[in-house]
Structure formats: C-alpha cells, structure tokens
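*Asks:* Take a look at the following structure, please.
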Amino acid sequence: MQREPLVFFQGSPKDYFEILKATYQAVKEADSQSYVVQGGMAGIDDWMASFWQDVFDLGAASYFDVANMHSIGHGEHLNIPSFKKFLSRNNASEKSFWITEVQIEDRMDKKTPAQYADSLARSYIFALANGAEKLFYVNLRLPQFLPSQAEGGPGFSDLSTLIDLSGKPTPLFYAQRTIPLKLGSFQEVETIKQQIRGKTILEGQYRFSKDDRVIYVLWGKGRLPSQIKGEVRVTNISGNDKIITSDSIRLTSSPIFVQTIE
C-alpha cells in the first residue's frame, strides 16, 4: 500500500527491487534450499498493484520463489483469479503462491456465525483448488477492549475470529480445522464446476485426490457428479460425518466432503 496514510514500505519500487535482489542472492548463497517469499501485495486494486508492477518491470520475478498476496474482506475468491493474471503478465505464472493474510468479509449483512464459517470454507476450498499452496488466517481472537472503527480501530467484530471473546472456539475454528485435515495432503485437484458472483462463490464442485483416495467437495444448487453413487461418507465443515446413500444428498451453500465407500 502506497497511499496516505497507509504507506508501509518507505521507499520506491526501485528501492524495494534492490533490497529483494540483494536479499535473494544472500539467502541462496547461505542456503540454496531456502525459499524467498516476496512481500505481500495488499490487494489487486490498481492503486495497490501499481507499485508492484513497477517492481516486476525491473525484473523481480527472478528474485523470489513464492509469490504472496493479502486479502482481507476482498471476497471469498481472495482476489486469486486477478492475482494469477497479474503473475502471468509478469512471467511468474509458474511460481507457487501463498495468501499470507486471509480474513473473511467482516461486514456482511448480519450473517450468523455458521454462515461466516460457510464463507470461510468456500474461500479456503476455492483457494486450494485454484493453486494457493498456503493460507494464513489473521484474526485469531480480538483484544478484550478493541477500539471501535470511529475511535480508530479496525472495525472488526468477533464474528470473524476463530476464538470468541469468552474464549470459546467459533464455527470458523472448526471449519479452519476440518479443511486441512481433509485436504491438506492432496496431490491433484480437478475443478468440475465453480461460479463466482460478486464476493461470493455460489457453486463449487471439486475432486481432490491422493494416490487411490478421492474426496469430492461440493456446494451450491447443482447435481452431484455422476461418479458419486451408492453409500458415501459425508463430512460437514465442522468435521461431523455420517454414512448415507448418495441419492439423499441435497447440496446447500455449506460445503460438504464426500467420499465413496467401496
């Protein structure tokens, strides 16, 4: 961010490029196996990306291993489609990328805690299915006495935290725990269907696989993939599962994990 009063890096794009290049060369000389992660783009809006475009124009793609972006309240898609286009334009499409600041939209119109958890789950699953290697959620727990937005605070409530003010895990916590348990070690992913409208991912159907293990992740109003038949194990985003017949599944806006039973 380079717009007053949010000027975090106190220098020009050329200054940043020179620091990045020198750092990369020193790190690789010390330990060639280390990863260098480029500083997080605050978002993909023109006024945020213009600084980085100047850095890439100087040759930045040669001096980092992992691309990196932040997305707080930008929508469930986390700006990933736009970020991938940005990397492609700058000869960096082959690099892995992380989202090192993730937070769901905290100012949705009075959604319930469960609906916030659905939003987080859709966001994470979409991200993993579209190439993100790592996701870092930023809002663990609010301070007990957080200034209001009018008082200069961030304007966040504990609807977007993993732990509420009383110290109890929120529905977001359980979604955050379930997704890596289910998908953290997958090797391949196939996008069957996805639909974005505004900030919401209305529909998602993905096939995650590792060796002989396959997990379908589904939400929206579409039909089940034809491969899902007979008895299946269905897990919700809170980690609760049950064995049911596939013809009894009704998809909703809350993602489910479906595994066929041999």
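Letters A, B, ... mark the chains of the structure tokens in the order given; residue numbers begin at 1 per chain; ligand numbers begin at 1, in order shown.
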I'd like the neighbourhood of Ala61 of chain A as a PyMOL selection string, where a residue qualifies if any of its atoms comes within 10 Å (using only C-alpha atoms), though same-chain residues fewer than 3 positions away should be ignored.
*Replies:* chain A and resi 21+38+55-58+64-67+87+90-93+95
*Asks:* How would the residues just chosen look if you wrote them out with C-alpha atoms as a PDB file, in the first residue's frame?
*Replies:*
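So out_32.pdb came out as:
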ATOM      1  CA  LYS A  21      17.558  -8.862  -5.238  1.00  0.00           C
ATOM      2  CA  GLN A  38       8.058 -11.720  -1.997  1.00  0.00           C
ATOM      3  CA  VAL A  55       8.920  -3.741  -9.149  1.00  0.00           C
ATOM      4  CA  PHE A  56       8.214  -6.562 -11.609  1.00  0.00           C
ATOM      5  CA  ASP A  57       9.141  -4.350 -14.554  1.00  0.00           C
ATOM      6  CA  LEU A  58      12.632  -4.175 -13.036  1.00  0.00           C
ATOM      7  CA  PHE A  64      11.805 -14.818  -5.256  1.00  0.00           C
ATOM      8  CA  ASP A  65      10.467 -18.366  -5.095  1.00  0.00           C
ATOM      9  CA  VAL A  66       6.957 -17.870  -3.737  1.00  0.00           C
ATOM     10  CA  ALA A  67       4.525 -15.133  -4.718  1.00  0.00           C
ATOM     11  CA  LEU A  87       1.651 -13.139 -12.212  1.00  0.00           C
ATOM     12  CA  ASN A  90       4.866 -10.720 -15.365  1.00  0.00           C
ATOM     13  CA  ASN A  91       6.428 -14.082 -16.287  1.00  0.00           C
ATOM     14  CA  ALA A  92       5.789 -15.533 -12.842  1.00  0.00           C
ATOM     15  CA  SER A  93       2.877 -17.874 -13.512  1.00  0.00           C
ATOM     16  CA  LYS A  95       5.694 -19.844  -9.213  1.00  0.00           C
TER      17      LYS A  95
END
*Asks:* I want to know what sits within 6 Å of segment 122-136 of chain A, based on only C-alpha atoms, with residues of the same chain fewer than 4 positions away left out; could you give that as a PyMOL selection string?
*Replies:* chain A and resi 76-77+97-102
*Asks:* Among segment 171-213 of chain A, which ones does DSSP place in alpha helix (DSSP H), written as a list in words?
*Replies:*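 The alpha helix (DSSP H) residues within segment 171-213 of chain A come out as Pro171, Leu172, Phe173, Tyr174, Ala175, Gln176, Arg177, Thr178, Ile179, Pro180, Leu181, Lys182 and Leu183 of chain A.
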*Asks:* Give the answer as one residue: which of A:Pro113, A:Pro143, A:Gly239, A:Gly204 has the shortest atom-to-atom distance to Ile179 of chain A, using only C-alpha atoms?
*Replies:* A:Gly239
*Asks:* Using DSSP assignments from the backbone, pull out every residue in segment 56-214 of chain A that falls under strand (DSSP E) and give it to me as a PyMOL selection string.
*Replies:* chain A and resi 66-72+96-103+132-137+188-197+200-210+213-214
*Asks:* Closest to Ile237 of chain A among A:Leu183, A:Ala60, A:Ile80, A:Val7, using only C-alpha atoms?
*Replies:*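 The shortest atom-to-atom distance to Ile237 of chain A comes from A:Leu183.
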*Asks:* Check the smallest atom-to-atom distance from each of A:Leu218, A:Leu224, A:Met69, A:Val232 to Gln205 of chain A using only C-alpha atoms, then report the winner.
*Replies:* A:Leu218
*Asks:* Point out the residue among A:Phe186, A:Phe173, A:Trp52, A:Trp219 with the least atom-to-atom distance to Ser238 of chain A, counting only C-alpha atoms.
*Replies:*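 Once distances to Ser238 of chain A are computed over only C-alpha atoms, the minimum belongs to A:Phe173.
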*Asks:* My list of candidates is A:Glu231, A:Glu151, A:Asp212, A:Asp46. Which is closest to Gln187 of chain A when distances are computed with only C-alpha atoms?
*Replies:*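 Smallest distance to Gln187 of chain A is found for A:Asp212.
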